[in-house]
file my_file.cif (mmCIF, C-alpha atoms; chains and numbers go by the auth columns)
data_coords
loop_
_atom_site.group_PDB
_atom_site.id
_atom_site.type_symbol
_atom_site.label_atom_id
_atom_site.label_comp_id
_atom_site.label_asym_id
_atom_site.label_seq_id
_atom_site.Cartn_x
_atom_site.Cartn_y
_atom_site.Cartn_z
_atom_site.B_iso_or_equiv
_atom_site.auth_seq_id
_atom_site.auth_asym_id
ATOM 1 C CA MET A 1 111.402 56.894 113.761 0.00 283 A
ATOM 2 C CA VAL A 2 113.807 57.891 110.951 0.00 284 A
ATOM 3 C CA ARG A 3 114.730 61.068 112.824 0.00 285 A
ATOM 4 C CA ALA A 4 115.465 59.031 115.972 0.00 286 A
ATOM 5 C CA LEU A 5 117.637 56.692 113.898 0.00 287 A
ATOM 6 C CA GLY A 6 119.511 59.723 112.577 0.00 288 A
ATOM 7 C CA TRP A 7 120.205 61.049 116.072 0.00 289 A
ATOM 8 C CA LEU A 8 121.285 57.579 117.201 0.00 290 A
ATOM 9 C CA ALA A 9 123.673 57.347 114.231 0.00 291 A
ATOM 10 C CA ALA A 10 125.056 60.839 114.960 0.00 292 A
ATOM 11 C CA ALA A 11 125.589 59.986 118.642 0.00 293 A
ATOM 12 C CA SER A 12 127.308 56.709 117.709 0.00 294 A
ATOM 13 C CA LEU A 13 129.555 58.490 115.212 0.00 295 A
ATOM 14 C CA ALA A 14 130.542 60.996 117.921 0.00 296 A
ATOM 15 C CA ALA A 15 131.238 58.105 120.325 0.00 297 A
ATOM 16 C CA GLY A 16 133.252 56.406 117.560 0.00 298 A
ATOM 17 C CA LEU A 17 135.389 59.523 117.107 0.00 299 A
ATOM 18 C CA VAL A 18 136.038 59.707 120.871 0.00 300 A
ATOM 19 C CA MET A 19 137.000 56.017 120.871 0.00 301 A
ATOM 20 C CA ALA A 20 139.255 56.380 117.799 0.00 302 A
ATOM 21 C CA PHE A 21 141.134 59.444 119.059 0.00 303 A
ATOM 22 C CA GLY A 22 140.666 59.399 122.837 0.00 304 A
ATOM 23 C CA VAL A 23 140.590 55.738 123.863 0.00 305 A
ATOM 24 C CA ALA A 24 142.474 53.737 121.209 0.00 306 A
ATOM 25 C CA PRO A 25 146.224 53.768 121.796 0.00 307 A
ATOM 26 C CA ARG A 26 148.869 54.895 119.308 0.00 308 A
ATOM 27 C CA GLU A 27 149.737 51.742 117.365 0.00 309 A
ATOM 28 C CA VAL A 28 153.329 50.610 117.997 0.00 310 A
ATOM 29 C CA THR A 29 154.537 49.981 114.427 0.00 311 A
ATOM 30 C CA GLN A 30 152.274 52.205 112.291 0.00 312 A
ATOM 31 C CA GLY A 31 151.915 55.173 114.641 0.00 313 A
ATOM 32 C CA ASN A 32 148.805 57.368 114.598 0.00 314 A
ATOM 33 C CA VAL A 33 148.089 56.710 110.914 0.00 315 A
ATOM 34 C CA GLN A 34 146.554 53.394 112.048 0.00 316 A
ATOM 35 C CA ARG A 35 143.614 55.445 113.397 0.00 317 A
ATOM 36 C CA ILE A 36 142.366 55.566 109.779 0.00 318 A
ATOM 37 C CA MET A 37 141.375 51.904 110.307 0.00 319 A
ATOM 38 C CA TYR A 38 138.561 53.009 112.656 0.00 320 A
ATOM 39 C CA VAL A 39 136.803 54.544 109.668 0.00 321 A
ATOM 40 C CA HIS A 40 138.139 52.343 106.823 0.00 322 A
ATOM 41 C CA VAL A 41 137.167 48.924 108.272 0.00 323 A
ATOM 42 C CA PRO A 42 133.601 49.942 109.331 0.00 324 A
ATOM 43 C CA LEU A 43 132.999 51.562 105.923 0.00 325 A
ATOM 44 C CA ILE A 44 133.972 48.382 104.061 0.00 326 A
ATOM 45 C CA LEU A 45 131.987 46.079 106.395 0.00 327 A
ATOM 46 C CA ALA A 46 128.906 48.335 106.206 0.00 328 A
ATOM 47 C CA SER A 47 129.183 48.272 102.398 0.00 329 A
ATOM 48 C CA TYR A 48 129.182 44.437 102.490 0.00 330 A
ATOM 49 C CA LEU A 49 125.958 44.692 104.510 0.00 331 A
ATOM 50 C CA ALA A 50 124.507 47.145 101.976 0.00 332 A
ATOM 51 C CA PHE A 51 125.197 44.806 99.056 0.00 333 A
ATOM 52 C CA VAL A 52 123.829 41.740 100.896 0.00 334 A
ATOM 53 C CA VAL A 53 120.623 43.684 101.675 0.00 335 A
ATOM 54 C CA LEU A 54 120.522 44.753 98.010 0.00 336 A
ATOM 55 C CA ALA A 55 120.819 41.109 96.848 0.00 337 A
ATOM 56 C CA VAL A 56 118.110 39.865 99.263 0.00 338 A
ATOM 57 C CA ALA A 57 115.751 42.727 98.340 0.00 339 A
ATOM 58 C CA SER A 58 116.411 42.016 94.635 0.00 340 A
ATOM 59 C CA LEU A 59 115.506 38.358 95.149 0.00 341 A
ATOM 60 C CA VAL A 60 112.307 39.376 96.969 0.00 342 A
ATOM 61 C CA TYR A 61 111.472 41.705 94.074 0.00 343 A
ATOM 62 C CA LEU A 62 111.987 38.979 91.463 0.00 344 A
ATOM 63 C CA VAL A 63 109.771 36.543 93.396 0.00 345 A
ATOM 64 C CA ARG A 64 106.967 38.902 94.516 0.00 346 A
ATOM 65 C CA ARG A 65 107.311 41.932 92.196 0.00 347 A
ATOM 66 C CA ASP A 66 107.168 44.054 95.361 0.00 348 A
ATOM 67 C CA GLU A 67 108.062 47.684 94.531 0.00 349 A
ATOM 68 C CA GLY A 68 109.012 48.306 98.158 0.00 350 A
ATOM 69 C CA ALA A 69 111.744 45.662 97.877 0.00 351 A
ATOM 70 C CA ASP A 70 113.011 47.339 94.704 0.00 352 A
ATOM 71 C CA ARG A 71 113.195 50.675 96.482 0.00 353 A
ATOM 72 C CA VAL A 72 115.185 49.088 99.343 0.00 354 A
ATOM 73 C CA ALA A 73 117.582 47.560 96.776 0.00 355 A
ATOM 74 C CA HIS A 74 117.997 50.913 95.001 0.00 356 A
ATOM 75 C CA ALA A 75 118.615 52.846 98.234 0.00 357 A
ATOM 76 C CA SER A 76 120.965 50.202 99.598 0.00 358 A
ATOM 77 C CA GLY A 77 122.971 50.217 96.352 0.00 359 A
ATOM 78 C CA GLU A 78 123.372 53.987 96.465 0.00 360 A
ATOM 79 C CA VAL A 79 124.592 54.036 100.073 0.00 361 A
ATOM 80 C CA GLY A 80 126.750 50.934 99.487 0.00 362 A
ATOM 81 C CA VAL A 81 128.538 52.545 96.525 0.00 363 A
ATOM 82 C CA MET A 82 129.236 55.657 98.607 0.00 364 A
ATOM 83 C CA PHE A 83 130.561 53.562 101.510 0.00 365 A
ATOM 84 C CA VAL A 84 132.763 51.279 99.406 0.00 366 A
ATOM 85 C CA GLY A 85 134.087 54.302 97.466 0.00 367 A
ATOM 86 C CA LEU A 86 135.017 55.969 100.756 0.00 368 A
ATOM 87 C CA GLY A 87 136.475 52.670 102.003 0.00 369 A
ATOM 88 C CA ILE A 88 138.750 52.483 98.953 0.00 370 A
ATOM 89 C CA ALA A 89 139.752 56.151 99.308 0.00 371 A
ATOM 90 C CA THR A 90 140.539 55.917 103.051 0.00 372 A
ATOM 91 C CA GLY A 91 142.443 52.658 102.463 0.00 373 A
ATOM 92 C CA SER A 92 144.468 54.376 99.774 0.00 374 A
ATOM 93 C CA ILE A 93 145.228 57.330 102.080 0.00 375 A
ATOM 94 C CA TRP A 94 146.389 54.836 104.744 0.00 376 A
ATOM 95 C CA GLY A 95 148.414 52.859 102.142 0.00 377 A
ATOM 96 C CA LYS A 96 150.610 55.766 101.039 0.00 378 A
ATOM 97 C CA PRO A 97 152.488 56.274 104.347 0.00 379 A
ATOM 98 C CA THR A 98 152.282 52.581 105.334 0.00 380 A
ATOM 99 C CA TRP A 99 153.005 50.684 102.099 0.00 381 A
ATOM 100 C CA GLY A 100 154.643 53.563 100.252 0.00 382 A
ATOM 101 C CA THR A 101 152.012 53.562 97.491 0.00 383 A
ATOM 102 C CA TRP A 102 148.486 54.891 96.976 0.00 384 A
ATOM 103 C CA TRP A 103 147.421 51.811 95.024 0.00 385 A
ATOM 104 C CA THR A 104 148.635 48.371 93.999 0.00 386 A
ATOM 105 C CA TRP A 105 146.869 45.739 91.903 0.00 387 A
ATOM 106 C CA ASP A 106 146.841 43.036 94.572 0.00 388 A
ATOM 107 C CA ALA A 107 143.910 40.608 94.916 0.00 389 A
ATOM 108 C CA ARG A 108 142.035 42.464 97.698 0.00 390 A
ATOM 109 C CA LEU A 109 142.339 45.905 96.155 0.00 391 A
ATOM 110 C CA THR A 110 141.515 44.650 92.654 0.00 392 A
ATOM 111 C CA SER A 111 138.467 42.646 93.791 0.00 393 A
ATOM 112 C CA VAL A 112 137.119 45.565 95.829 0.00 394 A
ATOM 113 C CA ALA A 113 137.658 47.917 92.861 0.00 395 A
ATOM 114 C CA ILE A 114 135.633 45.462 90.713 0.00 396 A
ATOM 115 C CA LEU A 115 132.923 45.469 93.410 0.00 397 A
ATOM 116 C CA PHE A 116 132.790 49.275 93.298 0.00 398 A
ATOM 117 C CA VAL A 117 132.617 49.384 89.487 0.00 399 A
ATOM 118 C CA MET A 118 129.905 46.689 89.355 0.00 400 A
ATOM 119 C CA TYR A 119 127.611 48.549 91.762 0.00 401 A
ATOM 120 C CA LEU A 120 128.353 51.856 90.049 0.00 402 A
ATOM 121 C CA GLY A 121 127.192 50.099 86.875 0.00 403 A
ATOM 122 C CA TYR A 122 124.103 48.926 88.767 0.00 404 A
ATOM 123 C CA LEU A 123 123.196 52.542 89.593 0.00 405 A
ATOM 124 C CA LEU A 124 123.935 53.693 86.031 0.00 406 A
ATOM 125 C CA LEU A 125 121.710 50.911 84.669 0.00 407 A
ATOM 126 C CA ARG A 126 118.863 52.197 86.829 0.00 408 A
ATOM 127 C CA GLY A 127 119.336 55.651 85.391 0.00 409 A
ATOM 128 C CA THR A 128 119.457 54.550 81.739 0.00 410 A
ATOM 129 C CA ILE A 129 116.308 52.374 81.500 0.00 411 A
ATOM 130 C CA GLU A 130 113.166 54.512 81.386 0.00 412 A
ATOM 131 C CA ASP A 131 110.621 51.758 81.970 0.00 413 A
ATOM 132 C CA ARG A 132 110.538 51.409 85.761 0.00 414 A
ATOM 133 C CA GLU A 133 109.454 47.752 85.860 0.00 415 A
ATOM 134 C CA ARG A 134 112.089 46.698 83.329 0.00 416 A
ATOM 135 C CA ALA A 135 114.822 48.680 85.164 0.00 417 A
ATOM 136 C CA ALA A 136 113.846 47.013 88.459 0.00 418 A
ATOM 137 C CA ARG A 137 113.923 43.528 86.868 0.00 419 A
ATOM 138 C CA TYR A 138 117.321 43.974 85.133 0.00 420 A
ATOM 139 C CA CYS A 139 118.863 45.629 88.200 0.00 421 A
ATOM 140 C CA ALA A 140 117.614 42.837 90.465 0.00 422 A
ATOM 141 C CA VAL A 141 119.495 40.285 88.338 0.00 423 A
ATOM 142 C CA VAL A 142 122.662 42.448 88.302 0.00 424 A
ATOM 143 C CA GLY A 143 122.366 43.014 92.068 0.00 425 A
ATOM 144 C CA ILE A 144 122.226 39.292 92.783 0.00 426 A
ATOM 145 C CA VAL A 145 125.106 38.423 90.413 0.00 427 A
ATOM 146 C CA ALA A 146 127.298 41.276 91.725 0.00 428 A
ATOM 147 C CA ALA A 147 126.891 40.009 95.306 0.00 429 A
ATOM 148 C CA LEU A 148 128.955 36.957 94.319 0.00 430 A
ATOM 149 C CA ASP A 149 132.006 39.256 94.415 0.00 431 A
ATOM 150 C CA ILE A 150 131.594 39.898 98.178 0.00 432 A
ATOM 151 C CA PRO A 151 133.061 36.520 99.329 0.00 433 A
ATOM 152 C CA LEU A 152 135.749 36.925 96.652 0.00 434 A
ATOM 153 C CA VAL A 153 136.735 40.301 98.169 0.00 435 A
ATOM 154 C CA HIS A 154 136.662 38.991 101.730 0.00 436 A
ATOM 155 C CA PHE A 155 138.572 35.745 101.140 0.00 437 A
ATOM 156 C CA SER A 156 140.993 37.119 98.507 0.00 438 A
ATOM 157 C CA VAL A 157 143.600 37.685 101.239 0.00 439 A
ATOM 158 C CA TYR A 158 143.554 33.923 101.988 0.00 440 A
ATOM 159 C CA TRP A 159 143.252 32.631 98.420 0.00 441 A
ATOM 160 C CA TRP A 160 146.078 34.718 96.914 0.00 442 A
ATOM 161 C CA ARG A 161 149.343 36.196 98.152 0.00 443 A
ATOM 162 C CA THR A 162 148.474 39.835 98.779 0.00 444 A
ATOM 163 C CA LEU A 163 150.025 42.976 100.200 0.00 445 A
ATOM 164 C CA HIS A 164 146.767 43.593 102.074 0.00 446 A
ATOM 165 C CA GLN A 165 146.688 42.090 105.562 0.00 447 A
ATOM 166 C CA PRO A 166 144.060 39.450 106.571 0.00 448 A
ATOM 167 C CA PRO A 167 140.722 40.674 108.006 0.00 449 A
ATOM 168 C CA SER A 168 140.802 42.226 111.501 0.00 450 A
ATOM 169 C CA LEU A 169 137.274 41.363 112.656 0.00 451 A
ATOM 170 C CA MET A 170 135.560 38.772 110.446 0.00 452 A
ATOM 171 C CA LYS A 171 138.090 35.946 110.527 0.00 453 A
ATOM 172 C CA PRO A 172 138.294 32.379 111.869 0.00 454 A
ATOM 173 C CA GLY A 173 139.041 32.451 115.602 0.00 455 A
ATOM 174 C CA GLY A 174 137.797 36.033 115.981 0.00 456 A
ATOM 175 C CA PHE A 175 139.746 39.204 116.803 0.00 457 A
ATOM 176 C CA THR A 176 143.169 38.473 118.267 0.00 458 A
ATOM 177 C CA GLY A 177 144.385 42.016 118.979 0.00 459 A
ATOM 178 C CA SER A 178 144.037 44.203 122.050 0.00 460 A
ATOM 179 C CA THR A 179 140.560 45.129 123.378 0.00 461 A
ATOM 180 C CA SER A 180 141.674 48.775 123.324 0.00 462 A
ATOM 181 C CA ILE A 181 141.670 48.445 119.512 0.00 463 A
ATOM 182 C CA LEU A 182 138.671 46.088 119.288 0.00 464 A
ATOM 183 C CA TRP A 183 136.167 48.360 121.099 0.00 465 A
ATOM 184 C CA PRO A 184 136.840 51.468 118.982 0.00 466 A
ATOM 185 C CA LEU A 185 136.456 49.260 115.887 0.00 467 A
ATOM 186 C CA LEU A 186 133.141 47.801 117.136 0.00 468 A
ATOM 187 C CA ILE A 187 131.688 51.179 118.184 0.00 469 A
ATOM 188 C CA ASN A 188 132.576 52.657 114.804 0.00 470 A
ATOM 189 C CA LEU A 189 131.124 49.604 113.044 0.00 471 A
ATOM 190 C CA LEU A 190 127.860 50.089 114.954 0.00 472 A
ATOM 191 C CA ALA A 191 127.907 53.808 114.052 0.00 473 A
ATOM 192 C CA PHE A 192 128.323 53.133 110.317 0.00 474 A
ATOM 193 C CA VAL A 193 125.658 50.392 110.338 0.00 475 A
ATOM 194 C CA LEU A 194 123.234 52.840 111.998 0.00 476 A
ATOM 195 C CA LEU A 195 124.203 55.551 109.504 0.00 477 A
ATOM 196 C CA TYR A 196 123.616 53.086 106.656 0.00 478 A
ATOM 197 C CA ALA A 197 120.146 52.236 108.055 0.00 479 A
ATOM 198 C CA TYR A 198 119.331 55.948 108.462 0.00 480 A
ATOM 199 C CA PHE A 199 120.376 56.868 104.907 0.00 481 A
ATOM 200 C CA VAL A 200 118.509 53.880 103.433 0.00 482 A
ATOM 201 C CA ALA A 201 115.334 54.700 105.389 0.00 483 A
ATOM 202 C CA ARG A 202 115.406 58.318 104.189 0.00 484 A
ATOM 203 C CA ARG A 203 116.221 57.346 100.598 0.00 485 A
ATOM 204 C CA VAL A 204 113.440 54.723 100.510 0.00 486 A
ATOM 205 C CA SER A 205 110.835 57.265 101.653 0.00 487 A
ATOM 206 C CA LEU A 206 112.155 59.720 99.029 0.00 488 A
ATOM 207 C CA LEU A 207 111.906 57.088 96.284 0.00 489 A
ATOM 208 C CA ARG A 208 108.332 56.323 97.397 0.00 490 A
ATOM 209 C CA ALA A 209 107.424 60.017 97.349 0.00 491 A
ATOM 210 C CA GLU A 210 109.043 60.421 93.895 0.00 492 A
ATOM 211 C CA ALA A 211 107.025 57.461 92.555 0.00 493 A
ATOM 212 C CA GLU A 212 103.803 58.933 93.981 0.00 494 A
ATOM 213 C CA ALA A 213 104.586 62.342 92.493 0.00 495 A
ATOM 214 C CA ALA A 214 105.274 60.774 89.072 0.00 496 A
ATOM 215 C CA ALA A 215 102.044 58.714 89.125 0.00 497 A
ATOM 216 C CA MET B 1 157.309 55.538 112.150 0.00 212 B
ATOM 217 C CA PRO B 2 156.184 59.192 111.820 0.00 213 B
ATOM 218 C CA ASP B 3 152.591 59.891 112.792 0.00 214 B
ATOM 219 C CA ASN B 4 151.394 61.289 109.451 0.00 215 B
ATOM 220 C CA TRP B 5 148.568 63.298 110.987 0.00 216 B
ATOM 221 C CA GLY B 6 147.951 64.897 107.583 0.00 217 B
ATOM 222 C CA PHE B 7 146.893 61.518 106.178 0.00 218 B
ATOM 223 C CA VAL B 8 144.629 60.887 109.198 0.00 219 B
ATOM 224 C CA ALA B 9 142.987 64.315 108.753 0.00 220 B
ATOM 225 C CA ALA B 10 142.557 63.690 105.008 0.00 221 B
ATOM 226 C CA ALA B 11 140.837 60.310 105.566 0.00 222 B
ATOM 227 C CA TYR B 12 138.451 61.590 108.247 0.00 223 B
ATOM 228 C CA GLY B 13 137.881 64.911 106.466 0.00 224 B
ATOM 229 C CA LEU B 14 137.051 63.244 103.146 0.00 225 B
ATOM 230 C CA THR B 15 134.645 60.814 104.833 0.00 226 B
ATOM 231 C CA ALA B 16 132.894 63.609 106.762 0.00 227 B
ATOM 232 C CA ALA B 17 132.624 65.788 103.639 0.00 228 B
ATOM 233 C CA VAL B 18 131.126 63.041 101.436 0.00 229 B
ATOM 234 C CA LEU B 19 128.638 61.939 104.118 0.00 230 B
ATOM 235 C CA LEU B 20 127.589 65.548 104.711 0.00 231 B
ATOM 236 C CA ILE B 21 127.121 66.190 100.978 0.00 232 B
ATOM 237 C CA TYR B 22 124.950 63.060 100.650 0.00 233 B
ATOM 238 C CA TRP B 23 122.884 64.044 103.711 0.00 234 B
ATOM 239 C CA ARG B 24 122.341 67.559 102.327 0.00 235 B
ATOM 240 C CA ARG B 25 121.409 66.102 98.911 0.00 236 B
ATOM 241 C CA LEU B 26 118.691 63.973 100.549 0.00 237 B
ATOM 242 C CA ALA B 27 117.390 67.004 102.475 0.00 238 B
ATOM 243 C CA LYS B 28 117.335 69.102 99.259 0.00 239 B
ATOM 244 C CA LYS B 29 115.379 66.422 97.367 0.00 240 B
ATOM 245 C CA GLU B 30 112.890 66.193 100.243 0.00 241 B
ATOM 246 C CA ARG B 31 112.369 69.975 100.176 0.00 242 B
ATOM 247 C CA GLU B 32 111.841 69.908 96.394 0.00 243 B
ATOM 248 C CA LEU B 33 109.246 67.132 96.694 0.00 244 B
ATOM 249 C CA ASP B 34 107.475 68.989 99.514 0.00 245 B
ATOM 250 C CA ALA B 35 107.303 72.099 97.335 0.00 246 B
ATOM 251 C CA LEU B 36 105.792 70.040 94.509 0.00 247 B
ATOM 252 C CA LYS B 37 103.144 68.581 96.817 0.00 248 B
ATOM 253 C CA ARG B 38 102.165 71.970 98.223 0.00 249 B
ATOM 254 C CA PRO B 39 99.307 73.533 96.178 0.00 250 B
ATOM 255 C CA SER B 40 100.372 76.663 94.329 0.00 251 B
ATOM 256 C CA PRO B 41 98.583 79.885 95.513 0.00 252 B
#

call {"tool": "encode", "arguments": {"input": "my_file.cif", "output": "structure tokens"}}
result
Amino acid sequence: MVRALGWLAAASLAAGLVMAFGVAPREVTQGNVQRIMYVHVPLILASYLAFVVLAVASLVYLVRRDEGADRVAHASGEVGVMFVGLGIATGSIWGKPTWGTWWTWDARLTSVAILFVMYLGYLLLRGTIEDRERAARYCAVVGIVAALDIPLVHFSVYWWRTLHQPPSLMKPGGFTGSTSILWPLLINLLAFVLLYAYFVARRVSLLRAEAEAAA
Amino acid sequence: MPDNWGFVAAAYGLTAAVLLIYWRRLAKKERELDALKRPSP
């Protein structure tokens, strides 16, 4: 099952690359550098998903003390941090030729940097508390509180004047651009969601095996 | 606007490298756990 998910993710990523470089047109104002969006946007949206799953699994853990839910939260946090870190890095690489700067402290970039640091802290907290039950309980609370930053990140472009443009996909009224840009974005989003699910599934089974080996 | 292919390559290359490193790290941990489970001769 996990192996099949991995192959499906790999095939979707390959299809995403073909869409990003073979199907999507050269953007009129930005040129080919806009193709970075086909990896940047899916990475950020998949990281939102990771942190929502983390928050829900944390809530389930607090209510039921289910170790499986804690393992899902842990795995989702790890993959989410990697995805949001890559999202920030690819956004920065796109920003240099487009905005003329690698980084600026505008509301979107600042709130997403806070998101990254909070979940990095979440993973560090897991590593510093030796008692497994206590680590799971503390991290569940942090995971739920940190998720409050997700709407702040998403809506920051509406609530404050920012250099960052409004969302492309998740916005009122839906996507307004060309379908030749929409489909590559959607295929790549599907690919990164599948990759997220694959990594989480593998990490969860590893965490289970580690717990069994330690017992 | 110039195409800046170098920036495109950097973004995709960095993403591919990090994802590959994470994938290999998972595979390495799995191998280590398998070796632990296997009874020593």

call {"tool": "atom_distance", "arguments": {"input": "my_file.cif", "atom1": "CA of Ala418 (chain A)", "atom2": "CA of Ala483 (chain A)"}}
result
18.7 Å

call {"tool": "resolve_selection", "arguments": {"input": "my_file.cif", "expression": "the PyMOL selection byres ((chain B) within 6 of (chain A))", "output": "PyMOL selection string"}}
result
chain B and resi 212+214-215+219+222

call {"tool": "atom_distance", "arguments": {"input": "my_file.cif", "atom1": "CA of Phe474 (chain A)", "atom2": "CA of Ala328 (chain A)"}}
result
6.3 Å

call {"tool": "resolve_selection", "arguments": {"input": "my_file.cif", "expression": "the PyMOL selection byres ((chain A and resi 397) around 10)", "output": "list in words"}}
result
Tyr330, Phe333, Val363, Val366, Gly367, Leu391, Thr392, Ser393, Val394, Ala395, Ile396, Phe398, Val399, Met400, Tyr401, Leu402, Gly403, Ala428, Ala429, Leu430, Asp431, Ile432, Leu434 and Val435 of chain A

call {"tool": "closest_residue", "arguments": {"input": "my_file.cif", "among": "B:Leu230, B:Ala220, B:Leu247, B:Leu225", "to": "Tyr480 (chain A)", "atoms": "all atoms listed in the file"}}
result
B:Leu230

call {"tool": "atom_distance", "arguments": {"input": "my_file.cif", "atom1": "CA of Phe303 (chain A)", "atom2": "CA of Leu237 (chain B)"}}
result
29.4 Å

call {"tool": "resolve_selection", "arguments": {"input": "my_file.cif", "expression": "the PyMOL selection byres ((chain A and resi 450) around 12)", "output": "ChimeraX atom specification"}}
result
/A:319-320,322-324,326-327,436,439,446-449,451-460,463-464,467-468

call {"tool": "residues_around", "arguments": {"input": "my_file.cif", "residues": "Leu344 (chain A)", "least_positions_apart": "4", "cutoff": "10 Å", "atoms": "only C-alpha atoms", "output": "compact mmCIF listing (two decimals) with C-alpha atoms, keeping the file's coordinate frame"}}
result
# COMPACT_ATOMS: atom_id res chain seq x y z
CA VAL A 338 118.11 39.86 99.26
CA ALA A 339 115.75 42.73 98.34
CA SER A 340 116.41 42.02 94.64
CA ASP A 348 107.17 44.05 95.36
CA ALA A 351 111.74 45.66 97.88
CA ASP A 352 113.01 47.34 94.70
CA ALA A 418 113.85 47.01 88.46
CA ARG A 419 113.92 43.53 86.87
CA TYR A 420 117.32 43.97 85.13
CA ALA A 422 117.61 42.84 90.46
CA VAL A 423 119.50 40.28 88.34

call {"tool": "build_atoms", "arguments": {"input": "my_file.cif", "residues": "region 460-474 of chain A", "atoms": "N, CA and C atoms", "output": "short mmCIF file (atom, residue, chain, number, x, y, z; two decimals), keeping the file's coordinate frame"}}
result
data_model
loop_
_atom_site.label_atom_id
_atom_site.label_comp_id
_atom_site.auth_asym_id
_atom_site.auth_seq_id
_atom_site.Cartn_x
_atom_site.Cartn_y
_atom_site.Cartn_z
N SER A 460 144.38 43.66 120.74
CA SER A 460 144.04 44.20 122.05
C SER A 460 142.59 44.71 122.07
N THR A 461 141.94 44.62 123.25
CA THR A 461 140.56 45.13 123.38
C THR A 461 140.52 46.66 123.23
N SER A 462 141.65 47.31 123.48
CA SER A 462 141.67 48.78 123.32
C SER A 462 141.61 49.17 121.84
N ILE A 463 141.84 48.21 120.95
CA ILE A 463 141.67 48.44 119.51
C ILE A 463 140.32 47.88 119.07
N LEU A 464 139.93 46.75 119.67
CA LEU A 464 138.67 46.09 119.29
C LEU A 464 137.45 46.98 119.55
N TRP A 465 137.36 47.58 120.76
CA TRP A 465 136.17 48.36 121.10
C TRP A 465 135.98 49.58 120.20
N PRO A 466 137.03 50.36 119.94
CA PRO A 466 136.84 51.47 118.98
C PRO A 466 136.37 50.98 117.61
N LEU A 467 136.89 49.82 117.17
CA LEU A 467 136.46 49.26 115.89
C LEU A 467 134.97 48.90 115.92
N LEU A 468 134.53 48.24 117.02
CA LEU A 468 133.14 47.80 117.14
C LEU A 468 132.17 48.98 117.25
N ILE A 469 132.56 50.00 118.03
CA ILE A 469 131.69 51.18 118.18
C ILE A 469 131.53 51.89 116.84
N ASN A 470 132.65 52.01 116.12
CA ASN A 470 132.58 52.66 114.80
C ASN A 470 131.79 51.81 113.81
N LEU A 471 131.91 50.48 113.92
CA LEU A 471 131.12 49.60 113.04
C LEU A 471 129.63 49.81 113.31
N LEU A 472 129.26 49.85 114.58
CA LEU A 472 127.86 50.09 114.95
C LEU A 472 127.39 51.44 114.40
N ALA A 473 128.25 52.46 114.53
CA ALA A 473 127.91 53.81 114.05
C ALA A 473 127.64 53.80 112.55
N PHE A 474 128.50 53.13 111.78
CA PHE A 474 128.32 53.13 110.32
C PHE A 474 127.15 52.26 109.89
#
